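A.B. asks: As input, take upload_7.pdb (PDB, C-alpha atoms):
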MODEL        1
ATOM      1  CA  MET X 901      88.689  43.170 151.682
ATOM      2  CA  ALA X 902      89.064  43.636 155.367
ATOM      3  CA  GLU X 903      89.418  47.039 156.945
ATOM      4  CA  THR X 904      92.892  48.158 157.925
ATOM      5  CA  LYS X 905      94.200  50.639 160.477
ATOM      6  CA  ASN X 906      95.232  53.260 157.997
ATOM      7  CA  GLU X 907      98.802  54.380 157.438
ATOM      8  CA  GLU X 908     100.188  53.423 160.835
ATOM      9  CA  ILE X 909     103.791  52.419 160.254
ATOM     10  CA  THR X 910     106.792  51.451 162.336
ATOM     11  CA  LYS X 911     110.454  51.865 161.518
ATOM     12  CA  TYR X 912     113.733  50.838 163.019
ATOM     13  CA  ILE X 913     116.359  53.553 163.175
ATOM     14  CA  VAL X 914     119.688  51.805 163.654
ATOM     15  CA  ILE X 915     122.482  54.110 164.726
ATOM     16  CA  SER X 916     126.089  53.214 164.014
ATOM     17  CA  SER X 917     127.555  56.651 164.429
ATOM     18  CA  ASP X 918     130.469  58.099 166.388
ATOM     19  CA  LYS X 919     128.638  61.399 166.737
ATOM     20  CA  VAL X 920     125.036  60.444 167.484
ATOM     21  CA  LEU X 921     123.770  58.227 170.286
ATOM     22  CA  PRO X 922     120.302  56.658 170.412
ATOM     23  CA  ALA X 923     119.517  59.002 173.322
ATOM     24  CA  ASP X 924     120.438  62.053 171.207
ATOM     25  CA  ALA X 925     118.186  60.877 168.407
ATOM     26  CA  ALA X 926     115.342  60.220 170.845
ATOM     27  CA  MET X 927     115.725  63.732 172.313
ATOM     28  CA  LYS X 928     115.649  65.185 168.820
ATOM     29  CA  ILE X 929     112.315  63.469 168.205
ATOM     30  CA  TYR X 930     110.876  64.681 171.528
ATOM     31  CA  GLU X 931     111.980  68.212 170.646
ATOM     32  CA  SER X 932     110.345  67.983 167.232
ATOM     33  CA  GLU X 933     106.962  67.318 168.902
ATOM     34  CA  PHE X 934     105.795  64.874 166.277
ATOM     35  CA  PRO X 935     103.005  62.650 167.638
ATOM     36  CA  VAL X 936     104.975  59.413 167.374
ATOM     37  CA  THR X 937     105.794  56.639 169.814
ATOM     38  CA  VAL X 938     109.528  56.280 170.379
ATOM     39  CA  LYS X 939     111.232  53.300 171.953
ATOM     40  CA  GLU X 940     114.927  53.558 172.676
ATOM     41  CA  THR X 941     116.925  50.368 172.259
ATOM     42  CA  CYS X 942     120.564  49.301 172.422
ATOM     43  CA  PHE X 943     120.993  49.653 168.661
ATOM     44  CA  GLY X 944     118.873  52.742 168.060
ATOM     45  CA  LEU X 945     115.184  53.528 168.072
ATOM     46  CA  ILE X 946     111.852  52.063 167.119
ATOM     47  CA  VAL X 947     109.332  54.695 166.044
ATOM     48  CA  THR X 948     105.626  54.141 165.452
ATOM     49  CA  GLY X 949     103.089  56.624 164.142
ATOM     50  CA  SER X 950     101.254  57.868 161.097
ATOM     51  CA  LYS X 951     103.112  57.489 157.824
ATOM     52  CA  GLU X 952     103.661  61.216 157.204
ATOM     53  CA  ASP X 953     104.987  61.816 160.708
ATOM     54  CA  ILE X 954     107.279  58.810 160.652
ATOM     55  CA  LEU X 955     108.751  59.684 157.263
ATOM     56  CA  ALA X 956     109.395  63.256 158.444
ATOM     57  CA  VAL X 957     110.952  62.092 161.715
ATOM     58  CA  VAL X 958     113.116  59.494 160.020
ATOM     59  CA  GLU X 959     114.414  62.025 157.508
ATOM     60  CA  LYS X 960     115.217  64.439 160.312
ATOM     61  CA  ILE X 961     117.118  61.825 162.282
ATOM     62  CA  ARG X 962     118.923  60.523 159.215
ATOM     63  CA  GLN X 963     120.281  64.010 158.572
ATOM     64  CA  LEU X 964     122.107  63.919 161.924
ATOM     65  CA  ASP X 965     124.653  61.541 160.404
ATOM     66  CA  LYS X 966     123.436  60.559 156.977
ATOM     67  CA  ASN X 967     125.765  57.688 156.174
ATOM     68  CA  HIS X 968     125.819  56.073 159.592
ATOM     69  CA  ILE X 969     122.130  55.968 160.436
ATOM     70  CA  PHE X 970     120.206  53.153 158.802
ATOM     71  CA  VAL X 971     116.474  52.714 158.558
ATOM     72  CA  LYS X 972     114.203  49.807 157.819
ATOM     73  CA  ASP X 973     110.528  49.038 158.177
ATOM     74  CA  ARG X 974     109.152  46.901 160.947
ATOM     75  CA  GLY X 975     105.964  44.900 160.773
ATOM     76  CA  PHE X 976     104.992  44.999 164.428
ATOM     77  CA  PRO X 977     104.453  48.283 166.255
ATOM     78  CA  ALA X 978     106.754  49.185 169.163
ATOM     79  CA  GLY X 979     105.839  47.294 172.328
ATOM     80  CA  ASP X 980     103.517  44.880 170.542
ATOM     81  CA  GLN X 981     102.587  42.031 172.882
ATOM     82  CA  ARG X 982     103.404  39.392 170.298
ATOM     83  CA  ARG X 983     106.999  40.565 170.064
ATOM     84  CA  CYS X 984     107.790  42.589 173.178
ATOM     85  CA  ARG X 985     110.134  40.754 175.548
ATOM     86  CA  ALA X 986     108.328  42.130 178.570
ATOM     87  CA  SER X 987     105.270  40.002 177.864
ATOM     88  CA  ARG X 988     107.180  36.996 176.487
ATOM     89  CA  GLY X 989     109.288  36.352 179.565
ATOM     90  CA  GLY X 990     112.592  37.759 178.313
ATOM     91  CA  GLY X 991     115.080  36.421 175.789
ATOM     92  CA  PRO X 992     115.965  37.945 172.447
ATOM     93  CA  ARG X 993     113.088  39.224 170.371
ATOM     94  CA  PRO X 994     112.402  37.216 167.186
ATOM     95  CA  GLY X 995     114.283  38.942 164.403
ATOM     96  CA  PHE X 996     116.931  40.407 166.688
ATOM     97  CA  HIS X 997     119.629  37.899 165.732
ATOM     98  CA  PHE X 998     119.714  38.909 162.106
ATOM     99  CA  LEU X 999     119.652  42.571 163.026
ATOM    100  CA  ARG X1000     122.593  42.059 165.394
ATOM    101  CA  GLU X1001     124.611  40.367 162.655
ATOM    102  CA  GLU X1002     123.932  43.229 160.284
ATOM    103  CA  VAL X1003     124.671  45.879 162.904
ATOM    104  CA  GLU X1004     128.205  44.477 163.187
ATOM    105  CA  MET X1005     128.721  45.238 159.493
ATOM    106  CA  LEU X1006     127.295  48.773 159.616
ATOM    107  CA  PRO X1007     130.531  50.683 160.414
ATOM    108  CA  ALA X1008     132.103  49.258 157.250
ATOM    109  CA  ILE X1009     128.990  50.017 155.197
ATOM    110  CA  GLY X1010     128.912  53.562 156.598
ATOM    111  CA  ALA X1011     132.572  54.096 155.715
ATOM    112  CA  ALA X1012     131.900  52.800 152.197
ATOM    113  CA  LEU X1013     128.996  55.235 151.839
ATOM    114  CA  ASP X1014     131.259  58.065 153.019
ATOM    115  CA  GLU X1015     133.777  57.156 150.351
ATOM    116  CA  LEU X1016     131.070  56.936 147.730
ATOM    117  CA  GLU X1017     129.788  60.343 148.702
ATOM    118  CA  ALA X1018     133.272  61.813 148.483
ATOM    119  CA  LYS X1019     133.111  60.800 144.813
ATOM    120  CA  GLU X1020     136.013  58.461 144.890
ATOM    121  CA  PRO X1021     136.216  56.136 141.919
ATOM    122  CA  VAL X1022     133.296  53.725 142.023
ATOM    123  CA  LYS X1023     135.409  50.687 141.282
ATOM    124  CA  GLU X1024     138.700  50.990 143.010
ATOM    125  CA  LYS X1025     141.098  48.203 142.224
ATOM    126  CA  ARG X1026     142.729  46.631 145.217
ATOM    127  CA  LYS X1027     146.270  47.847 145.590
ATOM    128  CA  GLU X1028     149.098  45.406 145.563
ATOM    129  CA  LYS X1029     150.910  44.851 148.811
ATOM    130  CA  SER X1030     153.333  47.659 149.480
ATOM    131  CA  ARG X1031     154.866  49.576 152.351
ATOM    132  CA  LEU X1032     152.517  51.820 154.280
ATOM    133  CA  LYS X1033     153.106  55.487 153.545
ATOM    134  CA  VAL X1034     153.744  57.822 156.477
ATOM    135  CA  SER X1035     150.865  60.028 155.396
ATOM    136  CA  ASP X1036     148.490  57.036 155.337
ATOM    137  CA  LEU X1037     149.696  55.949 158.769
ATOM    138  CA  GLU X1038     149.063  59.443 160.120
ATOM    139  CA  LYS X1039     145.551  59.303 158.675
ATOM    140  CA  VAL X1040     144.867  55.959 160.350
ATOM    141  CA  ILE X1041     146.158  57.248 163.712
ATOM    142  CA  GLU X1042     144.040  60.403 163.477
ATOM    143  CA  GLU X1043     140.954  58.351 162.667
ATOM    144  CA  GLU X1044     141.572  56.069 165.617
ATOM    145  CA  LEU X1045     142.196  58.963 168.013
ATOM    146  CA  ALA X1046     139.032  60.707 166.814
ATOM    147  CA  ARG X1047     136.899  57.786 168.052
TER     148      ARG X1047
ATOM    149  CA  MET B  69     111.261  54.568 141.246
ATOM    150  CA  ALA B  70     111.724  50.854 140.694
ATOM    151  CA  LYS B  71     110.392  48.192 143.024
ATOM    152  CA  VAL B  72     113.427  46.216 144.095
ATOM    153  CA  PHE B  73     113.109  42.749 145.598
ATOM    154  CA  ILE B  74     115.799  42.063 148.154
ATOM    155  CA  TYR B  75     117.173  38.803 149.486
ATOM    156  CA  PRO B  76     117.395  38.300 152.467
ATOM    157  CA  VAL B  77     113.885  39.668 152.524
ATOM    158  CA  ASN B  78     114.244  41.381 155.899
ATOM    159  CA  SER B  79     117.728  42.839 155.457
ATOM    160  CA  LEU B  80     118.364  46.192 157.104
ATOM    161  CA  ILE B  81     121.386  47.006 154.955
ATOM    162  CA  LEU B  82     119.682  46.200 151.651
ATOM    163  CA  ALA B  83     116.393  47.893 152.531
ATOM    164  CA  ASP B  84     118.271  51.020 153.581
ATOM    165  CA  LEU B  85     120.519  51.114 150.514
ATOM    166  CA  VAL B  86     117.605  50.651 148.114
ATOM    167  CA  GLU B  87     115.661  53.451 149.780
ATOM    168  CA  ARG B  88     118.763  55.649 149.971
ATOM    169  CA  PHE B  89     119.234  55.442 146.201
ATOM    170  CA  GLY B  90     115.638  56.410 145.504
ATOM    171  CA  HIS B  91     113.871  53.097 144.923
ATOM    172  CA  LYS B  92     111.268  51.092 146.787
ATOM    173  CA  PRO B  93     112.458  47.977 148.597
ATOM    174  CA  LEU B  94     110.037  45.059 148.580
ATOM    175  CA  THR B  95     110.474  43.652 152.045
ATOM    176  CA  MET B  96     108.940  41.018 154.253
ATOM    177  CA  MET B  97     108.306  43.621 156.953
ATOM    178  CA  ASN B  98     105.675  45.383 154.870
ATOM    179  CA  GLN B  99     103.911  42.096 154.202
ATOM    180  CA  VAL B 100     103.938  41.273 157.911
ATOM    181  CA  ARG B 101     102.598  44.733 158.728
ATOM    182  CA  GLU B 102      99.677  44.224 156.385
ATOM    183  CA  LYS B 103      98.949  40.955 158.123
ATOM    184  CA  ILE B 104      99.085  42.161 161.673
ATOM    185  CA  THR B 105      97.448  45.555 161.310
ATOM    186  CA  ASN B 106      94.461  44.091 159.531
ATOM    187  CA  ILE B 107      91.686  44.332 162.111
ATOM    188  CA  SER B 108      89.944  41.144 161.093
ATOM    189  CA  LEU B 109      93.189  39.206 161.502
ATOM    190  CA  ASP B 110      94.273  40.733 164.766
ATOM    191  CA  SER B 111      93.969  37.565 166.811
ATOM    192  CA  PRO B 112      97.468  36.569 167.773
ATOM    193  CA  PRO B 113      99.070  34.211 167.050
ATOM    194  CA  ILE B 114      96.577  32.984 164.449
ATOM    195  CA  ASN B 115      97.019  35.264 161.476
ATOM    196  CA  VAL B 116      96.483  32.848 158.636
ATOM    197  CA  THR B 117      93.366  33.214 156.547
ATOM    198  CA  PRO B 118      91.927  30.582 154.181
ATOM    199  CA  GLU B 119      93.246  32.732 151.322
ATOM    200  CA  ASP B 120      96.894  32.376 152.326
ATOM    201  CA  PRO B 121      97.357  28.662 151.526
ATOM    202  CA  LYS B 122      95.761  29.314 148.136
ATOM    203  CA  ILE B 123      98.306  32.025 147.417
ATOM    204  CA  GLY B 124     101.091  29.676 148.553
ATOM    205  CA  LEU B 125      99.827  26.984 146.189
ATOM    206  CA  ARG B 126     100.523  29.245 143.233
ATOM    207  CA  TYR B 127     104.233  28.822 143.853
ATOM    208  CA  ALA B 128     104.649  25.405 145.464
ATOM    209  CA  ALA B 129     102.785  22.131 145.028
ATOM    210  CA  ILE B 130     100.649  20.500 147.707
ATOM    211  CA  GLU B 131     103.385  17.935 148.515
ATOM    212  CA  VAL B 132     105.775  20.717 149.470
ATOM    213  CA  PRO B 133     106.017  21.338 153.236
ATOM    214  CA  ALA B 134     103.424  23.744 154.581
ATOM    215  CA  GLY B 135     106.158  26.083 155.816
ATOM    216  CA  VAL B 136     107.377  26.685 152.275
ATOM    217  CA  ARG B 137     103.874  27.440 151.049
ATOM    218  CA  GLY B 138     103.198  29.647 154.057
ATOM    219  CA  ARG B 139     106.328  31.671 153.417
ATOM    220  CA  MET B 140     105.638  31.859 149.698
ATOM    221  CA  ALA B 141     102.178  33.243 150.480
ATOM    222  CA  LEU B 142     103.989  36.312 151.790
ATOM    223  CA  ILE B 143     107.060  36.372 149.549
ATOM    224  CA  GLY B 144     105.456  35.288 146.246
ATOM    225  CA  PRO B 145     103.418  38.472 145.754
ATOM    226  CA  LEU B 146     106.592  40.504 146.342
ATOM    227  CA  ILE B 147     108.394  38.610 143.570
ATOM    228  CA  GLU B 148     105.471  39.255 141.226
ATOM    229  CA  GLU B 149     105.724  42.974 141.921
ATOM    230  CA  ALA B 150     109.508  43.102 141.511
ATOM    231  CA  GLU B 151     111.057  45.188 138.748
ATOM    232  CA  ALA B 152     114.612  44.400 139.838
ATOM    233  CA  ALA B 153     116.268  42.284 142.481
ATOM    234  CA  ILE B 154     119.334  42.172 144.679
ATOM    235  CA  ILE B 155     120.386  38.766 145.961
ATOM    236  CA  VAL B 156     123.030  38.538 148.647
ATOM    237  CA  GLU B 157     124.663  35.147 148.939
ATOM    238  CA  ASN B 158     126.446  33.741 151.980
ATOM    239  CA  SER B 159     124.496  35.809 154.419
ATOM    240  CA  PRO B 160     125.775  34.635 157.822
ATOM    241  CA  THR B 161     122.399  34.243 159.448
ATOM    242  CA  ASN B 162     119.081  33.158 158.170
ATOM    243  CA  PHE B 163     116.887  33.350 161.213
ATOM    244  CA  GLY B 164     113.152  33.735 161.508
ATOM    245  CA  CYS B 165     111.115  34.211 158.403
ATOM    246  CA  VAL B 166     114.105  33.582 156.106
ATOM    247  CA  GLY B 167     115.283  30.470 157.906
ATOM    248  CA  CYS B 168     113.997  27.947 155.372
ATOM    249  CA  ALA B 169     116.570  26.794 152.814
ATOM    250  CA  ARG B 170     113.999  25.321 150.404
ATOM    251  CA  THR B 171     111.941  28.509 150.378
ATOM    252  CA  ASN B 172     115.098  30.476 149.734
ATOM    253  CA  GLU B 173     116.017  28.280 146.768
ATOM    254  CA  LEU B 174     112.524  28.551 145.333
ATOM    255  CA  MET B 175     112.499  32.291 145.882
ATOM    256  CA  LYS B 176     115.823  32.799 144.111
ATOM    257  CA  TYR B 177     114.751  30.543 141.266
ATOM    258  CA  LEU B 178     111.531  32.508 140.743
ATOM    259  CA  VAL B 179     113.387  35.823 140.793
ATOM    260  CA  ARG B 180     115.968  34.653 138.241
ATOM    261  CA  ASP B 181     113.231  33.121 136.124
ATOM    262  CA  LYS B 182     111.228  36.334 136.070
ATOM    263  CA  GLY B 183     113.718  38.043 133.765
ATOM    264  CA  VAL B 184     114.145  41.267 135.709
ATOM    265  CA  PRO B 185     117.618  42.766 136.266
ATOM    266  CA  VAL B 186     119.228  40.851 139.117
ATOM    267  CA  LEU B 187     122.367  41.760 141.021
ATOM    268  CA  GLU B 188     124.031  38.917 142.886
ATOM    269  CA  VAL B 189     126.659  39.839 145.449
ATOM    270  CA  LYS B 190     128.336  38.177 148.379
ATOM    271  CA  TYR B 191     127.768  39.279 151.947
ATOM    272  CA  PRO B 192     130.766  41.411 152.982
ATOM    273  CA  GLU B 193     133.139  40.092 155.602
ATOM    274  CA  SER B 194     135.748  42.848 155.673
ATOM    275  CA  ASN B 195     135.959  46.586 155.121
ATOM    276  CA  GLU B 196     137.231  46.134 151.576
ATOM    277  CA  ASP B 197     134.425  43.716 150.809
ATOM    278  CA  ALA B 198     131.950  46.214 152.225
ATOM    279  CA  ARG B 199     133.265  48.918 149.923
ATOM    280  CA  ASP B 200     132.879  46.699 146.869
ATOM    281  CA  PHE B 201     129.470  45.574 148.117
ATOM    282  CA  VAL B 202     128.183  49.136 148.462
ATOM    283  CA  ASN B 203     129.722  50.255 145.177
ATOM    284  CA  GLU B 204     128.196  47.374 143.239
ATOM    285  CA  ILE B 205     124.774  47.935 144.738
ATOM    286  CA  ALA B 206     125.000  51.710 144.203
ATOM    287  CA  GLU B 207     125.976  51.227 140.582
ATOM    288  CA  PHE B 208     123.149  48.743 140.033
ATOM    289  CA  LEU B 209     120.538  50.945 141.674
ATOM    290  CA  LYS B 210     121.692  54.007 139.734
ATOM    291  CA  SER B 211     121.277  52.048 136.506
ATOM    292  CA  LEU B 212     117.607  51.354 137.254
ATOM    293  CA  PRO B 213     115.035  53.758 135.809
ATOM    294  CA  LYS B 214     113.816  56.334 138.304
ATOM    295  CA  GLU B 215     110.429  56.666 136.624
ATOM    296  CA  LYS B 216     108.691  54.466 134.126
ATOM    297  CA  PRO B 217     108.077  56.175 130.809
ATOM    298  CA  GLU B 218     104.331  56.369 130.152
ATOM    299  CA  GLU B 219     104.746  55.532 126.466
ATOM    300  CA  ASP B 220     105.850  51.986 127.292
ATOM    301  CA  LYS B 221     102.670  51.374 129.227
ATOM    302  CA  ARG B 222     100.533  52.590 126.342
ATOM    303  CA  VAL B 223     102.354  50.386 123.869
ATOM    304  CA  LYS B 224     101.844  47.358 126.124
ATOM    305  CA  GLU B 225      98.140  48.088 126.410
ATOM    306  CA  GLU B 226      97.746  48.367 122.661
ATOM    307  CA  GLU B 227      99.611  45.169 121.805
ATOM    308  CA  PRO B 228      96.947  42.578 122.817
ATOM    309  CA  ALA B 229      94.291  44.332 120.745
ATOM    310  CA  GLU B 230      96.485  44.144 117.641
ATOM    311  CA  LYS B 231      97.130  40.440 118.176
ATOM    312  CA  GLU B 232      93.440  39.726 118.448
ATOM    313  CA  ALA B 233      92.819  41.503 115.175
ATOM    314  CA  VAL B 234      95.387  39.279 113.415
ATOM    315  CA  ILE B 235      93.815  36.084 114.750
TER     316      ILE B 235
ENDMDL
END
What do you get writing this file as C-alpha cells?
C.D. replies:
Amino acid sequence: MAETKNEEITKYIVISSDKVLPADAAMKIYESEFPVTVKETCFGLIVTGSKEDILAVVEKIRQLDKNHIFVKDRGFPAGDQRRCRASRGGGPRPGFHFLREEVEMLPAIGAALDELEAKEPVKEKRKEKSRLKVSDLEKVIEEELAR
Amino acid sequence: MAKVFIYPVNSLILADLVERFGHKPLTMMNQVREKITNISLDSPPINVTPEDPKIGLRYAAIEVPAGVRGRMALIGPLIEEAEAAIIVENSPTNFGCVGCARTNELMKYLVRDKGVPVLEVKYPESNEDARDFVNEIAEFLKSLPKEKPEEDKRVKEEEPAEKEAVI
C-alpha cells in the first residue's frame, strides 16, 4: 500500500445565510488561529488542513448559523493546480456547476431545517387552497423586510 | 453511526444532511481525496493505477465502456461499504463524475440489490417540496441505528463455524 499524506482534508463551507457572509466566516477562522488554509469564494469558503483542525473550525463556523451553513468534503486541496482556475486559464472549475445548482436550493433547505428544529409536525399535510389570513400575511411581510 | 451511500455521489445537500443527523456519508469526494493525496499517484492528470480497472471489472464486464468501469472503480467500493442509501431522482444536473447515465443506472441497481434500507426521493423544486424532502430524509436518518450492537457481530462470526460442523 502506498504512503499517504496523513489526515490532510479539505472541506467546502457553503454559506446561505442572511446573517453571516463568507468574509465574516473567514475572519472568524483567522481569529481562531487554527493552522488551516482558507480560501474565500463567492459561495463560502474552502478550508484545508489537518483533520482535527478542520473539524473544529467547521463546527465553529457552523454554529454561526447552524441551519444555513452547509458543509461537504472536497477531494482536492484549496488552490490545487489541477483544479484552480488561475492555472487552467479561467472558466468554471470542474464540479462548480452542480454546486451552483444546489446552492440555489439551499435557502429552502435551510428554512425546512429551521421548521424541523422548531419541532413542527414532521409530516405536515398540504393545506387546501384558502384565503390568506392577515396574521400570515403580516408574517410574510416581516420576513421579507427582515432580509 | 451508519454509513450512508448518497446519490448523486457528490451532493452537498445530501452529504450535509447525513452528517447533520449523525451518520457518515459515503461520498465521491473522499474517494477522490484518497486518489490525489496518495504520494505515489501524485502525477496529474494520470491517477489511474493498474489496480483500478480490476476493481471496475468486479462491477461491469469488459465490453462495458471504460468510463463506466473507471467510475465504478471509485463508486463500487462505496456501495459495498453502504449500510443505508439515499437516492435522489430527477436531480437537475449531473455534471462531472456523475455525468454518466449508464453508471448511474448500474449504481442504483447495485444499491437496490444490496438489500440495505434505501430512501428514494425526488429533487425539490419548490419550498414545499424542500420541506417534504428534508422531513423524509430526517425521518429516514433518525430511523437508522446510531451504533451497531456488538452482539450481532458476534452472532455473525459464530454462524459459519456452526454450518461447517453440520456439513
A.B. asks: List the neighbours of B:Ala198 out to 12 Å using only C-alpha atoms; skip same-chain residues closer than 3 positions along the sequence, and give me the result as a list in words.
C.D. replies: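 Residues near the query, excluding close chain neighbours: Glu1002, Glu1004, Met1005, Leu1006, Pro1007, Ala1008, Ile1009, Gly1010, Ala1011, Ala1012, Leu1013, Asp1014, Glu1015 and Leu1016 of chain X; Ile81, Val189, Lys190, Tyr191, Pro192, Glu193, Ser194, Asn195, Phe201, Val202, Asn203, Glu204, Ile205 and Ala206 of chain B.
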A.B. asks: For chain X against chain B, which residues fall within 8 Å using only C-alpha atoms, given as a CSV table (one decimal) with C-alpha atoms, keeping the file's coordinate frame?
C.D. replies:
chain,number,residue,atom,x,y,z
X,902,ALA,CA,89.1,43.6,155.4
X,903,GLU,CA,89.4,47.0,156.9
X,904,THR,CA,92.9,48.2,157.9
X,905,LYS,CA,94.2,50.6,160.5
X,909,ILE,CA,103.8,52.4,160.3
X,970,PHE,CA,120.2,53.2,158.8
X,971,VAL,CA,116.5,52.7,158.6
X,972,LYS,CA,114.2,49.8,157.8
X,973,ASP,CA,110.5,49.0,158.2
X,974,ARG,CA,109.2,46.9,160.9
X,975,GLY,CA,106.0,44.9,160.8
X,976,PHE,CA,105.0,45.0,164.4
X,982,ARG,CA,103.4,39.4,170.3
X,994,PRO,CA,112.4,37.2,167.2
X,995,GLY,CA,114.3,38.9,164.4
X,997,HIS,CA,119.6,37.9,165.7
X,998,PHE,CA,119.7,38.9,162.1
X,999,LEU,CA,119.7,42.6,163.0
X,1001,GLU,CA,124.6,40.4,162.7
X,1002,GLU,CA,123.9,43.2,160.3
X,1005,MET,CA,128.7,45.2,159.5
X,1006,LEU,CA,127.3,48.8,159.6
X,1008,ALA,CA,132.1,49.3,157.2
X,1009,ILE,CA,129.0,50.0,155.2
X,1011,ALA,CA,132.6,54.1,155.7
X,1012,ALA,CA,131.9,52.8,152.2
X,1013,LEU,CA,129.0,55.2,151.8
X,1016,LEU,CA,131.1,56.9,147.7
X,1022,VAL,CA,133.3,53.7,142.0
X,1023,LYS,CA,135.4,50.7,141.3
A.B. asks: Pick out the residues sitting within 9 Å of stretch 919-934 of chain X, and hand them over as a count of residues only; count all atoms listed in the file, and ignore anything fewer than 2 positions along from it in its own chain.
C.D. replies: 25
A.B. asks: Atom CA of B:Ile155 to atom CA of B:Gly135: how many Å, to one decimal?
C.D. replies: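 Distance reported for this atom pair: 21.5 Å.
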A.B. asks: Show which residues sit within 9 Å of stretch 171-185 of chain B, as a PDB file with C-alpha atoms, in the frame of the given file. Count only C-alpha atoms, and ignore same-chain residues fewer than 6 positions away.
C.D. replies:
ATOM      1  CA  PHE B  73     113.109  42.749 145.598  1.00  0.00           C
ATOM      2  CA  TYR B  75     117.173  38.803 149.486  1.00  0.00           C
ATOM      3  CA  PRO B  76     117.395  38.300 152.467  1.00  0.00           C
ATOM      4  CA  TYR B 127     104.233  28.822 143.853  1.00  0.00           C
ATOM      5  CA  ALA B 128     104.649  25.405 145.464  1.00  0.00           C
ATOM      6  CA  GLY B 135     106.158  26.083 155.816  1.00  0.00           C
ATOM      7  CA  VAL B 136     107.377  26.685 152.275  1.00  0.00           C
ATOM      8  CA  ARG B 137     103.874  27.440 151.049  1.00  0.00           C
ATOM      9  CA  ARG B 139     106.328  31.671 153.417  1.00  0.00           C
ATOM     10  CA  MET B 140     105.638  31.859 149.698  1.00  0.00           C
ATOM     11  CA  ILE B 143     107.060  36.372 149.549  1.00  0.00           C
ATOM     12  CA  GLY B 144     105.456  35.288 146.246  1.00  0.00           C
ATOM     13  CA  ILE B 147     108.394  38.610 143.570  1.00  0.00           C
ATOM     14  CA  GLU B 148     105.471  39.255 141.226  1.00  0.00           C
ATOM     15  CA  ALA B 150     109.508  43.102 141.511  1.00  0.00           C
ATOM     16  CA  GLU B 151     111.057  45.188 138.748  1.00  0.00           C
ATOM     17  CA  ALA B 152     114.612  44.400 139.838  1.00  0.00           C
ATOM     18  CA  ALA B 153     116.268  42.284 142.481  1.00  0.00           C
ATOM     19  CA  ILE B 154     119.334  42.172 144.679  1.00  0.00           C
ATOM     20  CA  ILE B 155     120.386  38.766 145.961  1.00  0.00           C
ATOM     21  CA  PHE B 208     123.149  48.743 140.033  1.00  0.00           C
ATOM     22  CA  LEU B 212     117.607  51.354 137.254  1.00  0.00           C
TER      23      LEU B 212
END
A.B. asks: Residues at most 9 Å from X:Glu907, counting only C-alpha atoms, excluding those fewer than 5 positions away in the same chain, as JSON, numbers by chain?
C.D. replies: {"X": [949, 950, 951, 952]}
A.B. asks: Determine, counting all atoms listed in the file, which protein, DNA and RNA residues have an atom within 7 Å of an atom of B:Leu94; residues of the same chain fewer than 5 positions away are not included. Present the result as a list in words.
C.D. replies: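 Near B:Leu94, the qualifying residues are Lys71, Val72, Phe73, Ile74 and Leu146 of chain B.
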A.B. asks: Taking the structure I provided as the source, export stretch 96-108 of chain B with N, CA and C atoms, as a short mmCIF file (atom, residue, chain, number, x, y, z; two decimals), in the first residue's frame.
C.D. replies:
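Output below, filename selection-v3.cif:
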data_model
loop_
_atom_site.label_atom_id
_atom_site.label_comp_id
_atom_site.auth_asym_id
_atom_site.auth_seq_id
_atom_site.Cartn_x
_atom_site.Cartn_y
_atom_site.Cartn_z
N MET B 96 -18.18 10.59 -3.13
CA MET B 96 -17.14 10.51 -4.14
C MET B 96 -15.92 11.35 -3.74
N MET B 97 -16.17 12.45 -3.03
CA MET B 97 -15.07 13.36 -2.70
C MET B 97 -13.99 12.66 -1.89
N ASN B 98 -14.43 11.79 -0.96
CA ASN B 98 -13.44 11.09 -0.13
C ASN B 98 -12.61 10.13 -0.97
N GLN B 99 -13.27 9.49 -1.94
CA GLN B 99 -12.56 8.57 -2.83
C GLN B 99 -11.52 9.34 -3.65
N VAL B 100 -11.95 10.50 -4.16
CA VAL B 100 -11.04 11.33 -4.97
C VAL B 100 -9.86 11.78 -4.11
N ARG B 101 -10.16 12.15 -2.87
CA ARG B 101 -9.08 12.62 -1.99
C ARG B 101 -8.03 11.52 -1.80
N GLU B 102 -8.52 10.31 -1.58
CA GLU B 102 -7.57 9.20 -1.42
C GLU B 102 -6.69 9.05 -2.65
N LYS B 103 -7.30 9.25 -3.79
CA LYS B 103 -6.55 9.12 -5.05
C LYS B 103 -5.48 10.19 -5.16
N ILE B 104 -5.88 11.43 -4.90
CA ILE B 104 -4.96 12.52 -5.25
C ILE B 104 -3.98 12.87 -4.15
N THR B 105 -4.23 12.40 -2.93
CA THR B 105 -3.26 12.69 -1.88
C THR B 105 -2.28 11.53 -1.69
N ASN B 106 -2.48 10.49 -2.46
CA ASN B 106 -1.56 9.36 -2.40
C ASN B 106 -0.27 9.75 -3.12
N ILE B 107 0.83 9.74 -2.41
CA ILE B 107 2.07 10.29 -2.97
C ILE B 107 2.49 9.58 -4.25
N SER B 108 2.34 8.29 -4.27
CA SER B 108 2.79 7.54 -5.44
C SER B 108 1.94 7.82 -6.68
#
